[in-house]
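Asker: Provided herewith is a single structure, encoded as structure tokens, for subsequent inquiry.
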Amino acid sequence: MIAVPYRKLVVALLLGAALAGCNNEPDPNSHEGKRQALFKQMLRQTEPMSGMLTGRVTPSMGEFMNKADTLAQLADQPWEHFPTPGDAPEPNRTKDTVWSDPEGFALAIDDFKTKVADLHAVTSVGIKSLDQAADELRAVQQSCKSCHDSYRQ
């Protein structure tokens with residue numbers, strides 16, 4: 001067995017303990033944490049749906065429709081968790097344009113909600129092929145990308 005000086009072991013343990021407390025995760029009960037959790041839930045819906053369209057994920061009409069339904073239920077929720085101007089106690093990647101262009105941000109949110117509603121409308125009546133909802137899913141994804149390009153760092 002290799003002899004390790006006691007001081008080196010103590011220093012290593014203290015450094016490890018100090019680093020364990022360092023993370024960039026927001027407090028899950030904060031607005032930042034709640035907003036991030038909701039967006040992650042949305043991503044867990046859209047990613048498999050996109051994968052089904054591209055062939056990365058085995059297609060399942062039932063799962064696709066369920067994910068569209070869940071996405072529709074989540075679409076209204078994250079927006080109340082955006083910080084008010086000047087009140088961002090936790091680090092986040094929101095650009096200042098969220099506040100300097102509130103009308104544009106509101107329009108981007110409305111566009112996203114509309115695109116999700118359109119996707120849900122197509123899938124809620126039942127689909128026999130993913131092609132029936134492909135354009136609507138792509139519109140949702142483009143809405144996300146557009147908002148990220150304008151309002152997220």
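Letters A, B, ... mark the chains of the structure tokens in the order given; residue numbers begin at 1 per chain; ligand numbers begin at 1, in order shown.
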Counting only C-alpha atoms, give me one row per residue of segment 68-98 of chain A with an atom at most 6 Å from an atom of segment 135-151 of chain A, showing the shortest contact pair and its distance in Å to one decimal, sorted by chain then residue number, as CSV.
Answerer:
residue,atom,partner,partner_atom,distance
A:Lys95,CA,A:Tyr151,CA,5.1
A:Thr97,CA,A:Tyr151,CA,5.9
A:Val98,CA,A:Tyr151,CA,5.8
Asker: Generate the output file for the selected residues, N, CA, C and O atoms, as a PDB file, in the first residue's frame.
Answerer:
ATOM      1  N   LYS A  95     -31.239  37.235 -22.439  1.00  0.00           N
ATOM      2  CA  LYS A  95     -30.669  38.486 -22.952  1.00  0.00           C
ATOM      3  C   LYS A  95     -31.487  39.667 -22.435  1.00  0.00           C
ATOM      4  O   LYS A  95     -32.669  39.539 -22.111  1.00  0.00           O
ATOM      5  N   THR A  97     -32.734  41.829 -24.120  1.00  0.00           N
ATOM      6  CA  THR A  97     -33.821  42.131 -25.059  1.00  0.00           C
ATOM      7  C   THR A  97     -35.176  41.636 -24.556  1.00  0.00           C
ATOM      8  O   THR A  97     -36.207  42.097 -25.027  1.00  0.00           O
ATOM      9  N   VAL A  98     -35.158  40.714 -23.591  1.00  0.00           N
ATOM     10  CA  VAL A  98     -36.432  40.295 -22.989  1.00  0.00           C
ATOM     11  C   VAL A  98     -37.133  41.518 -22.402  1.00  0.00           C
ATOM     12  O   VAL A  98     -38.351  41.645 -22.477  1.00  0.00           O
TER      13      VAL A  98
END
Asker: Residues near Thr70 of chain A, anyone? I mean within 9 Å using only C-alpha atoms, not counting same-chain ones fewer than 3 positions away, as a PyMOL selection string.
Answerer: chain A and resi 41-42+45+65-67+73-75
Asker: From the DSSP assignment of the backbone, select every residue of chain A that is alpha helix (DSSP H), and format the answer as number ranges by chain.
Answerer: A: 6-20, 31-54, 61-74, 97-100, 102-124, 131-151
Asker: Residues near Ala106 of chain A, anyone? I mean within 12 Å using only C-alpha atoms, not counting same-chain ones fewer than 4 positions away, as a PyMOL selection string.
Answerer: chain A and resi 79-80+82+97-102+110-113+147+151
Asker: What does the structure give for the distance between atom CA of Arg35 of chain A and atom CA of Leu71 of chain A, in Å to one decimal?
Answerer: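 The value is 14.5 Å.
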Asker: Quick one, how far is atom CA of His81 of chain A from atom CA of Gln153 of chain A?
Answerer: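 That distance, rounded to one decimal, is 17.3 Å.
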Asker: Name the closest residue to Leu130 of chain A among the candidates A:Phe64, A:Gly33, A:Arg44, A:Phe39; distances are taken between atoms, counting only C-alpha atoms.
Answerer: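 Result for the nearest residue to Leu130 of chain A: A:Phe64.
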